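Peer 1: Have a look at this one.
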Amino acid sequence: MRLAWTRDGAEWRLRLRLDAGEGVAGVVTDGQAVELATDTCHVRLPEGEHGEPHPDLLALAAWTVAAPWARGRVVFDRPVSAALAGALHDGWGVDAGPVGGAAREAGERLAISYSGGADSVAVAALLPEAPLVHFQRVPHPRVPNRWTHYRSDVLAKLARGTGREVTVVRSDLEFMLRKPRPGYPEHHAVLAGALLTAGEADLGGVALGYEIGSRWLGGGRYVHRYTPDNPMWSAHGRWGRAFAAVGLPLVLPVGGISEAMTMRIALESELRDQVRWCLRGDGSGPCGRCGKCLYKELIQAAVERRPMRTEITADRPVARKWQQPPPYGGQEMIEYGCAHVPDIETTPFATAARHLKATVESTRWLERCYPPAVEEIPEKWRKEIEPIMADRFGFMDAADRLRVESWGL
Ligand SMILES: [Zn+2]
């Protein structure tokens with residue numbers, strides 16, 4: 001595979017060329033099969049002057065887009081450091097080159113990859129000084145957009161509405177995927193903007209909103225078991241090591257707490273009005289009809305200890321999966337919701353509640369912080385996060401930890 005960037009002012013354009021033996025069928029780190037739709041994409045930084053990024057930052061940004069399709073050899077257009085080449089070799093078994101030049105030194109600041117969903121809002125609320133980097137999907141000139149209901153414009157406006165230091169980066173890289181649908185080729189491609197601006201913004205780390213379900217309980221979609229070596233988000237996983245090699249370690253400030261607790265932080269914060277987990281809603285609010293709205297309403301109702309407010313009934317397609325027996329993606333939050341929402345038997349989660357038999361007591365571990373999640377935060381930022389976790393949630397005891405560590409076994 002050959003990966004080359006060209007630049008036109010604030011816009012970076014990536015071209016991917018497959019070698020013999022490489023095809024359009026690829027596999028993402030989380031096991032998802034994907035199909036390549038086209039060979040180019042662009043990443044547009046905000047208008048203004050931008051310096052030349054360190055070659056390792058450009059290479060890793062390209063790699064977050066191209067990794068699912070690479071086999072054997074990867075040739076970048078600029079030399080990469082031995083540190084990055086080593087991380088790519090150890091993580092993926094590829095020979096990356098040409099190799100030359102020094103690795104990048106980490107900067108001082110921690111940026112937040114900010115989507116506007118409750119998890120990333122929680123991180124922003126916990127780290128009030130940190131700059132935000134928001135990824136905005138824009139159409140691809142060569143790929144038809146059948147996903148016009150995705151209101152990335154609304155999400156970008158909400159991000160700007162935080163009043164924080166926000167860098168909005170616009171990109172069509174999600175349209176590199178034909179199947180299963182447009183999306184990040186690897187989830188880490190959301191960090192393209194943080195990578196390309198890391199030098200000028202003096203970044204020494206990037207924080208993401210992944211919570212205990214995504215980081216430690218398997219992420220939901222394909223695996224529902226304890227994953228200490230999670231290749232996506234653990235500090236010593238393939239991606240964690242690659243980002244550390246370019247001086248931008250991945251930091252998960254809320255990796256030890258559940259989605260219910262990140263929602264509580266977000267909704268109690270001054271960013272409450274900017275929280276938006278629905279990708280379809282317009283300027284007036286979330287759509288209230290999609291699967292994400294239904295799932296998040298369960299969690300919010302549980303956090304607020306009130307009945308659900310939803311028009312969605314059990315016979316709707318978006319509620320179909322909850323009419324089946326477990327396991328469910330994000331099952332720990334379904335348990336939490338079923339245990340805490342009054343009148344759950346009148347909601348689309350009635351069947352799930354009967355299967356799960358969750359109680360307030362059996363879900364109490366989901367209100368505390370899992371200590372190893374804090375231990376893997378680099379020390380520089382752990383000092384800030386650890387006291388917050390101790391004060392607001394407290395740490396899990398041995399019995400709680402066993403629940404995490406035996407999840408799905
Ligand atoms: Zn919605």
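Naming works like this for the structure tokens: A, B, ... for the chains as they're shown, residue 1 at the start of each chain, ligands 1 onward in shown order.
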With only C-alpha atoms and all ligand atoms counted and 12 Å as the cut-off, give the residues of chain A in contact with ligand 1, each with its shortest interatomic distance in Å and the pair that gives it, as CSV.
Peer 2:
```
residue,atom,partner,partner_atom_place_in_ligand_line,distance
A:Gly117,CA,ligand 1,1 (Zn),11.9
A:His149,CA,ligand 1,1 (Zn),10.3
A:Tyr150,CA,ligand 1,1 (Zn),10.0
A:Arg151,CA,ligand 1,1 (Zn),10.6
A:Arg276,CA,ligand 1,1 (Zn),9.1
A:Trp277,CA,ligand 1,1 (Zn),7.5
A:Cys278,CA,ligand 1,1 (Zn),4.2
A:Leu279,CA,ligand 1,1 (Zn),6.3
A:Arg280,CA,ligand 1,1 (Zn),5.5
A:Gly281,CA,ligand 1,1 (Zn),5.9
A:Asp282,CA,ligand 1,1 (Zn),9.7
A:Ser284,CA,ligand 1,1 (Zn),12.0
A:Gly285,CA,ligand 1,1 (Zn),8.8
A:Pro286,CA,ligand 1,1 (Zn),5.1
A:Cys287,CA,ligand 1,1 (Zn),4.0
A:Gly288,CA,ligand 1,1 (Zn),4.7
A:Arg289,CA,ligand 1,1 (Zn),5.2
A:Cys290,CA,ligand 1,1 (Zn),4.2
A:Gly291,CA,ligand 1,1 (Zn),6.7
A:Lys292,CA,ligand 1,1 (Zn),5.7
A:Cys293,CA,ligand 1,1 (Zn),4.3
A:Leu294,CA,ligand 1,1 (Zn),7.6
A:Tyr295,CA,ligand 1,1 (Zn),9.6
A:Lys296,CA,ligand 1,1 (Zn),9.3
A:Glu297,CA,ligand 1,1 (Zn),9.9
A:Thr310,CA,ligand 1,1 (Zn),11.0
A:Glu311,CA,ligand 1,1 (Zn),11.8
A:Ile312,CA,ligand 1,1 (Zn),11.0
A:Val318,CA,ligand 1,1 (Zn),10.4
```
Peer 1: Taking a cut-off of 8 Å and counting only C-alpha atoms, can you build a table that, for each residue of stretch 253-301 of chain A near stretch 122-143 of chain A, reports the nearest atom pair and how far apart they are in Å (one decimal), sorted by chain then residue number, as a tab-separated table?
Peer 2:
```
residue	atom	partner	partner_atom	distance
A:Pro253	CA	A:Val123	CA	6.5
A:Val254	CA	A:Val123	CA	6.7
A:Thr262	CA	A:Ala122	CA	5.4
A:Met263	CA	A:Ala122	CA	7.0
A:Ile265	CA	A:Ala122	CA	5.4
A:Ala266	CA	A:Ala122	CA	4.6
A:Ser269	CA	A:Ala125	CA	6.2
A:Glu270	CA	A:Ala125	CA	7.7
A:Leu271	CA	A:Ala125	CA	7.2
```
Peer 1: So that I can see what lies close to A:Ala301, please list as a PyMOL selection string the residues with an atom at most 9 Å from it, counting only C-alpha atoms and leaving out residues fewer than 6 positions away in the same chain.
Peer 2: chain A and resi 307-309+337+340-342
Peer 1: Could you tell me which of A:Gly408, A:Gly86, A:Gly213, A:Gly163 comes closest to A:Arg238 if we count only C-alpha atoms?
Peer 2: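 Between A:Gly408, A:Gly86, A:Gly213, A:Gly163, the residue approaching A:Arg238 most closely is A:Gly86.
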Peer 1: For A:Ala192, which residue among A:Ala159, A:Leu45, A:Gly255, A:Gln274 is the nearest when counting only C-alpha atoms?
Peer 2: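 Once distances to A:Ala192 are computed over only C-alpha atoms, the minimum belongs to A:Leu45.
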Peer 1: Select from stretch 79-321 of chain A everything DSSP, run on the backbone, classes as helix (DSSP H, G or I), then give the selection as a ChimeraX atom specification.
Peer 2: /A:82-92,118-126,152-160,173-176,187-197,212-215,238-245,259-268,272-274,291-303,317-321
Peer 1: Take the residues that were just selected and, keeping C-alpha atoms, output them as a PDB file, in the first residue's frame.
Peer 2:
```pdb
ATOM      1  CA  ALA A  82      11.835   4.132  13.701  1.00  0.00           C
ATOM      2  CA  ALA A  83       9.515   4.445  16.718  1.00  0.00           C
ATOM      3  CA  LEU A  84       6.377   4.692  14.592  1.00  0.00           C
ATOM      4  CA  ALA A  85       7.557   2.021  12.144  1.00  0.00           C
ATOM      5  CA  GLY A  86       8.174  -0.258  15.120  1.00  0.00           C
ATOM      6  CA  ALA A  87       4.707   0.366  16.549  1.00  0.00           C
ATOM      7  CA  LEU A  88       3.094  -0.406  13.184  1.00  0.00           C
ATOM      8  CA  HIS A  89       5.169  -3.545  12.816  1.00  0.00           C
ATOM      9  CA  ASP A  90       4.379  -4.791  16.314  1.00  0.00           C
ATOM     10  CA  GLY A  91       0.714  -3.876  16.099  1.00  0.00           C
ATOM     11  CA  TRP A  92      -0.160  -4.936  12.580  1.00  0.00           C
ATOM     12  CA  ALA A 118     -22.716  12.705  26.689  1.00  0.00           C
ATOM     13  CA  ASP A 119     -19.420  10.847  27.100  1.00  0.00           C
ATOM     14  CA  SER A 120     -17.275  13.492  25.429  1.00  0.00           C
ATOM     15  CA  VAL A 121     -19.225  16.294  27.113  1.00  0.00           C
ATOM     16  CA  ALA A 122     -18.412  14.616  30.431  1.00  0.00           C
ATOM     17  CA  VAL A 123     -14.713  14.670  29.576  1.00  0.00           C
ATOM     18  CA  ALA A 124     -14.961  18.336  28.579  1.00  0.00           C
ATOM     19  CA  ALA A 125     -16.718  19.133  31.856  1.00  0.00           C
ATOM     20  CA  LEU A 126     -14.016  17.364  33.890  1.00  0.00           C
ATOM     21  CA  SER A 152     -23.261  16.802  11.238  1.00  0.00           C
ATOM     22  CA  ASP A 153     -23.895  20.508  10.715  1.00  0.00           C
ATOM     23  CA  VAL A 154     -26.072  20.613  13.839  1.00  0.00           C
ATOM     24  CA  LEU A 155     -23.452  18.775  15.863  1.00  0.00           C
ATOM     25  CA  ALA A 156     -20.711  21.178  14.745  1.00  0.00           C
ATOM     26  CA  LYS A 157     -22.872  24.161  15.693  1.00  0.00           C
ATOM     27  CA  LEU A 158     -23.485  22.683  19.146  1.00  0.00           C
ATOM     28  CA  ALA A 159     -19.733  22.139  19.573  1.00  0.00           C
ATOM     29  CA  ARG A 160     -19.067  25.796  18.720  1.00  0.00           C
ATOM     30  CA  LEU A 173     -13.006  10.271   5.104  1.00  0.00           C
ATOM     31  CA  GLU A 174     -16.039   8.303   6.358  1.00  0.00           C
ATOM     32  CA  PHE A 175     -17.130   7.855   2.744  1.00  0.00           C
ATOM     33  CA  MET A 176     -14.030   5.746   2.120  1.00  0.00           C
ATOM     34  CA  HIS A 187     -12.566   4.501  14.980  1.00  0.00           C
ATOM     35  CA  HIS A 188      -9.275   6.356  15.495  1.00  0.00           C
ATOM     36  CA  ALA A 189      -9.789   8.229  12.206  1.00  0.00           C
ATOM     37  CA  VAL A 190     -11.918  10.646  14.252  1.00  0.00           C
ATOM     38  CA  LEU A 191      -8.544  11.871  15.516  1.00  0.00           C
ATOM     39  CA  ALA A 192      -7.327  13.039  12.076  1.00  0.00           C
ATOM     40  CA  GLY A 193      -7.782  16.671  13.092  1.00  0.00           C
ATOM     41  CA  ALA A 194      -6.000  16.252  16.416  1.00  0.00           C
ATOM     42  CA  LEU A 195      -3.103  14.568  14.591  1.00  0.00           C
ATOM     43  CA  LEU A 196      -2.756  17.202  11.869  1.00  0.00           C
ATOM     44  CA  THR A 197      -2.886  20.091  14.367  1.00  0.00           C
ATOM     45  CA  ILE A 212     -16.088   1.447  31.021  1.00  0.00           C
ATOM     46  CA  GLY A 213     -18.314  -0.399  28.549  1.00  0.00           C
ATOM     47  CA  SER A 214     -16.195   0.516  25.540  1.00  0.00           C
ATOM     48  CA  ARG A 215     -12.842   0.185  27.232  1.00  0.00           C
ATOM     49  CA  ARG A 238      -1.842  -1.580  18.959  1.00  0.00           C
ATOM     50  CA  TRP A 239      -3.450   1.850  18.667  1.00  0.00           C
ATOM     51  CA  GLY A 240      -2.371   3.013  22.109  1.00  0.00           C
ATOM     52  CA  ARG A 241       1.255   2.278  21.227  1.00  0.00           C
ATOM     53  CA  ALA A 242       1.021   3.890  17.789  1.00  0.00           C
ATOM     54  CA  PHE A 243      -0.374   7.123  19.225  1.00  0.00           C
ATOM     55  CA  ALA A 244       2.192   7.116  22.031  1.00  0.00           C
ATOM     56  CA  ALA A 245       4.924   6.771  19.374  1.00  0.00           C
ATOM     57  CA  GLU A 259     -22.293   5.520  30.603  1.00  0.00           C
ATOM     58  CA  ALA A 260     -24.867   6.370  33.256  1.00  0.00           C
ATOM     59  CA  MET A 261     -22.217   8.243  35.229  1.00  0.00           C
ATOM     60  CA  THR A 262     -20.863  10.099  32.178  1.00  0.00           C
ATOM     61  CA  MET A 263     -24.421  11.128  31.424  1.00  0.00           C
ATOM     62  CA  ARG A 264     -24.839  12.350  34.980  1.00  0.00           C
ATOM     63  CA  ILE A 265     -21.664  14.462  34.692  1.00  0.00           C
ATOM     64  CA  ALA A 266     -22.744  15.867  31.327  1.00  0.00           C
ATOM     65  CA  LEU A 267     -26.284  16.742  32.392  1.00  0.00           C
ATOM     66  CA  GLU A 268     -25.109  18.330  35.638  1.00  0.00           C
ATOM     67  CA  ARG A 272     -25.840  20.522  29.426  1.00  0.00           C
ATOM     68  CA  ASP A 273     -27.519  22.488  26.612  1.00  0.00           C
ATOM     69  CA  GLN A 274     -24.858  21.372  24.124  1.00  0.00           C
ATOM     70  CA  GLY A 291     -32.538   3.743  18.374  1.00  0.00           C
ATOM     71  CA  LYS A 292     -29.950   6.004  19.956  1.00  0.00           C
ATOM     72  CA  CYS A 293     -32.669   8.263  21.379  1.00  0.00           C
ATOM     73  CA  LEU A 294     -34.441   5.216  22.844  1.00  0.00           C
ATOM     74  CA  TYR A 295     -31.302   3.738  24.416  1.00  0.00           C
ATOM     75  CA  LYS A 296     -30.133   7.066  25.847  1.00  0.00           C
ATOM     76  CA  GLU A 297     -33.599   7.881  27.187  1.00  0.00           C
ATOM     77  CA  LEU A 298     -33.484   4.643  29.179  1.00  0.00           C
ATOM     78  CA  ILE A 299     -30.170   5.698  30.709  1.00  0.00           C
ATOM     79  CA  GLN A 300     -31.257   9.276  31.367  1.00  0.00           C
ATOM     80  CA  ALA A 301     -34.494   8.118  33.000  1.00  0.00           C
ATOM     81  CA  ALA A 302     -32.451   5.763  35.187  1.00  0.00           C
ATOM     82  CA  VAL A 303     -30.038   8.522  36.183  1.00  0.00           C
ATOM     83  CA  PRO A 317     -38.147  -1.589  14.374  1.00  0.00           C
ATOM     84  CA  VAL A 318     -35.763   0.495  16.524  1.00  0.00           C
ATOM     85  CA  ALA A 319     -36.989  -1.427  19.614  1.00  0.00           C
ATOM     86  CA  ARG A 320     -36.807  -4.887  18.036  1.00  0.00           C
ATOM     87  CA  LYS A 321     -33.524  -6.023  19.570  1.00  0.00           C
TER      88      LYS A 321
END
```
Peer 1: Got a sec to tell me which of stretch 176-379 of chain A DSSP assigns to strand (DSSP E or B), as an MDAnalysis selection string?
Peer 2: chainID A and resid 177:179 203:207 219 223 250:251 282 285 369
Peer 1: Once you count only C-alpha atoms, what closest atom pair and distance in Å to one decimal does each residue of stretch 21-124 of chain A within 12 Å of stretch 3-6 of chain A have, with rows by chain and rising residue number, as a Markdown table?
Peer 2:
```
| residue | atom | partner | partner_atom | distance |
| --- | --- | --- | --- | --- |
| A:Asp39 | CA | A:Leu3 | CA | 9.9 |
| A:Thr40 | CA | A:Trp5 | CA | 9.8 |
| A:Cys41 | CA | A:Trp5 | CA | 9.8 |
| A:His42 | CA | A:Trp5 | CA | 9.1 |
| A:Val43 | CA | A:Trp5 | CA | 10.2 |
| A:Arg44 | CA | A:Thr6 | CA | 11.8 |
| A:Glu52 | CA | A:Thr6 | CA | 11.5 |
| A:Pro53 | CA | A:Trp5 | CA | 11.4 |
| A:Pro55 | CA | A:Trp5 | CA | 10.3 |
| A:Leu57 | CA | A:Trp5 | CA | 11.5 |
| A:Leu58 | CA | A:Trp5 | CA | 7.7 |
| A:Ala59 | CA | A:Leu3 | CA | 8.0 |
| A:Leu60 | CA | A:Leu3 | CA | 10.5 |
| A:Ala61 | CA | A:Trp5 | CA | 10.1 |
| A:Ala62 | CA | A:Leu3 | CA | 6.8 |
| A:Trp63 | CA | A:Leu3 | CA | 8.3 |
| A:Thr64 | CA | A:Leu3 | CA | 11.4 |
| A:Val65 | CA | A:Leu3 | CA | 10.0 |
| A:Ala66 | CA | A:Leu3 | CA | 8.1 |
| A:Ala67 | CA | A:Leu3 | CA | 10.6 |
| A:Trp69 | CA | A:Leu3 | CA | 11.7 |
| A:Ala70 | CA | A:Leu3 | CA | 10.4 |
| A:Arg73 | CA | A:Leu3 | CA | 11.0 |
| A:Val74 | CA | A:Leu3 | CA | 7.5 |
| A:Val75 | CA | A:Leu3 | CA | 6.3 |
| A:Phe76 | CA | A:Leu3 | CA | 5.0 |
| A:Asp77 | CA | A:Ala4 | CA | 5.0 |
| A:Arg78 | CA | A:Ala4 | CA | 8.2 |
| A:Pro79 | CA | A:Ala4 | CA | 11.4 |
| A:Ala96 | CA | A:Leu3 | CA | 10.7 |
| A:Gly97 | CA | A:Leu3 | CA | 10.6 |
| A:Pro98 | CA | A:Leu3 | CA | 11.6 |
```
Peer 1: Just the number, please: distance in Å from atom CA of A:Ile334 to atom CA of A:Ala353, one decimal.
Peer 2: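 It comes out at 8.1 Å.
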Peer 1: What's around stretch 378-392 of chain A at 10 Å? Count only C-alpha atoms, leave out sequence neighbours fewer than 6 positions away in its own chain, and write the answer as a tab-separated table (two decimals) with N, CA and C atoms, in the first residue's frame.
Peer 2:
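selection.tsv was written with the following content:
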```
chain	number	residue	atom	x	y	z
A	108	GLU	N	2.63	19.84	25.32
A	108	GLU	CA	2.21	20.03	26.71
A	108	GLU	C	0.71	19.83	26.95
A	109	ARG	N	-0.10	20.06	25.92
A	109	ARG	CA	-1.54	20.15	26.17
A	109	ARG	C	-2.28	18.85	25.85
A	110	LEU	N	-3.37	18.67	26.56
A	110	LEU	CA	-4.27	17.54	26.30
A	110	LEU	C	-5.49	18.08	25.56
A	123	VAL	N	-16.16	14.43	29.55
A	123	VAL	CA	-14.71	14.67	29.58
A	123	VAL	C	-14.43	16.17	29.53
A	126	LEU	N	-15.04	17.69	32.89
A	126	LEU	CA	-14.02	17.36	33.89
A	126	LEU	C	-12.71	18.12	33.64
A	127	LEU	N	-12.45	18.48	32.38
A	127	LEU	CA	-11.18	19.14	32.02
A	127	LEU	C	-11.49	20.50	31.39
A	204	GLY	N	0.10	17.02	23.68
A	204	GLY	CA	0.87	15.91	24.24
A	204	GLY	C	-0.02	14.74	24.60
A	205	GLY	N	-1.27	14.80	24.18
A	205	GLY	CA	-2.19	13.70	24.44
A	205	GLY	C	-3.55	14.06	23.89
A	207	ALA	N	-7.68	13.14	24.60
A	207	ALA	CA	-8.64	12.47	25.47
A	207	ALA	C	-9.89	12.10	24.69
A	235	ALA	N	-3.88	1.38	26.70
A	235	ALA	CA	-2.65	2.13	26.47
A	235	ALA	C	-1.59	1.26	25.79
A	249	PRO	N	-0.34	10.29	23.27
A	249	PRO	CA	-0.98	9.11	23.87
A	249	PRO	C	-2.49	9.28	24.01
A	250	LEU	N	-3.21	8.18	23.85
A	250	LEU	CA	-4.66	8.17	24.04
A	250	LEU	C	-4.95	8.20	25.53
A	251	VAL	N	-5.86	9.05	25.93
A	251	VAL	CA	-6.20	9.21	27.35
A	251	VAL	C	-7.71	9.03	27.50
A	252	LEU	N	-8.11	8.16	28.41
A	252	LEU	CA	-9.54	7.92	28.62
A	252	LEU	C	-9.92	8.38	30.04
A	253	PRO	N	-10.22	9.66	30.21
A	253	PRO	CA	-10.50	10.17	31.56
A	253	PRO	C	-11.71	9.51	32.22
A	254	VAL	N	-12.69	9.06	31.44
A	254	VAL	CA	-13.88	8.45	32.02
A	254	VAL	C	-13.93	6.94	31.74
A	256	GLY	N	-13.12	4.55	33.52
A	256	GLY	CA	-13.43	3.72	34.68
A	256	GLY	C	-14.87	3.80	35.15
A	257	ILE	N	-15.66	4.66	34.51
A	257	ILE	CA	-17.06	4.82	34.96
A	257	ILE	C	-18.02	4.47	33.82
A	261	MET	N	-22.94	7.23	34.47
A	261	MET	CA	-22.22	8.24	35.23
A	261	MET	C	-21.70	9.35	34.32
A	265	ILE	N	-22.61	13.33	34.73
A	265	ILE	CA	-21.66	14.46	34.69
A	265	ILE	C	-22.08	15.47	33.63
A	367	GLU	N	-21.96	2.53	39.47
A	367	GLU	CA	-21.91	3.91	39.96
A	367	GLU	C	-20.54	4.24	40.56
A	368	ARG	N	-19.61	3.29	40.46
A	368	ARG	CA	-18.27	3.51	41.02
A	368	ARG	C	-17.23	3.42	39.91
A	369	CYS	N	-16.00	3.82	40.25
A	369	CYS	CA	-14.93	3.87	39.24
A	369	CYS	C	-14.01	2.65	39.36
A	370	TYR	N	-13.67	2.08	38.22
A	370	TYR	CA	-12.79	0.90	38.15
A	370	TYR	C	-11.33	1.38	38.22
A	371	PRO	N	-10.60	1.08	39.30
A	371	PRO	CA	-9.28	1.69	39.51
A	371	PRO	C	-8.26	1.49	38.38
```
Peer 1: Which residue out of A:Pro46, A:Gly237, A:Pro372, A:Gly394 has the minimum interatomic distance to A:Gly9 when only C-alpha atoms are used?
Peer 2: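 Selected residue with least distance to A:Gly9: A:Pro46.
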Peer 1: Between atom CA of A:Ala314 and atom CA of A:Asp343, measure the distance and give it in Å to one decimal.
Peer 2: 14.3 Å
Peer 1: Could you tell me which of A:Ile344, A:Ser171, A:Ser81, A:Ala10 comes closest to A:Glu49 if we count only C-alpha atoms?
Peer 2: A:Ala10
Peer 1: Report as a PyMOL selection string all protein, DNA and RNA residues lying within 8 Å of A:Gly26, evaluated on only C-alpha atoms, omitting residues in the same chain fewer than 4 positions from it.
Peer 2: chain A and resi 33-36+68-69
Peer 1: Write out, as an mmCIF file, in the first residue's frame, the residues just selected, with N, CA and C atoms.
Peer 2:
```
data_model
loop_
_atom_site.group_PDB
_atom_site.id
_atom_site.type_symbol
_atom_site.label_atom_id
_atom_site.label_comp_id
_atom_site.auth_asym_id
_atom_site.auth_seq_id
_atom_site.Cartn_x
_atom_site.Cartn_y
_atom_site.Cartn_z
ATOM 1 N N ALA A 33 -16.060 -6.235 9.327
ATOM 2 C CA ALA A 33 -15.647 -6.307 7.923
ATOM 3 C C ALA A 33 -16.077 -5.029 7.219
ATOM 4 N N VAL A 34 -15.183 -4.470 6.415
ATOM 5 C CA VAL A 34 -15.480 -3.218 5.722
ATOM 6 C C VAL A 34 -15.073 -3.345 4.253
ATOM 7 N N GLU A 35 -15.691 -2.505 3.429
ATOM 8 C CA GLU A 35 -15.355 -2.488 2.010
ATOM 9 C C GLU A 35 -14.994 -1.069 1.594
ATOM 10 N N LEU A 36 -13.898 -0.968 0.871
ATOM 11 C CA LEU A 36 -13.396 0.332 0.431
ATOM 12 C C LEU A 36 -14.231 0.846 -0.739
ATOM 13 N N PRO A 68 -7.340 -0.895 7.627
ATOM 14 C CA PRO A 68 -8.119 -2.124 7.384
ATOM 15 C C PRO A 68 -7.745 -2.862 6.103
ATOM 16 N N TRP A 69 -7.102 -2.172 5.161
ATOM 17 C CA TRP A 69 -6.845 -2.790 3.856
ATOM 18 C C TRP A 69 -5.376 -3.129 3.626
#
```
Peer 1: Quick one, how far is atom CA of A:Ala373 from atom CA of A:Val206?
Peer 2: 15.7 Å
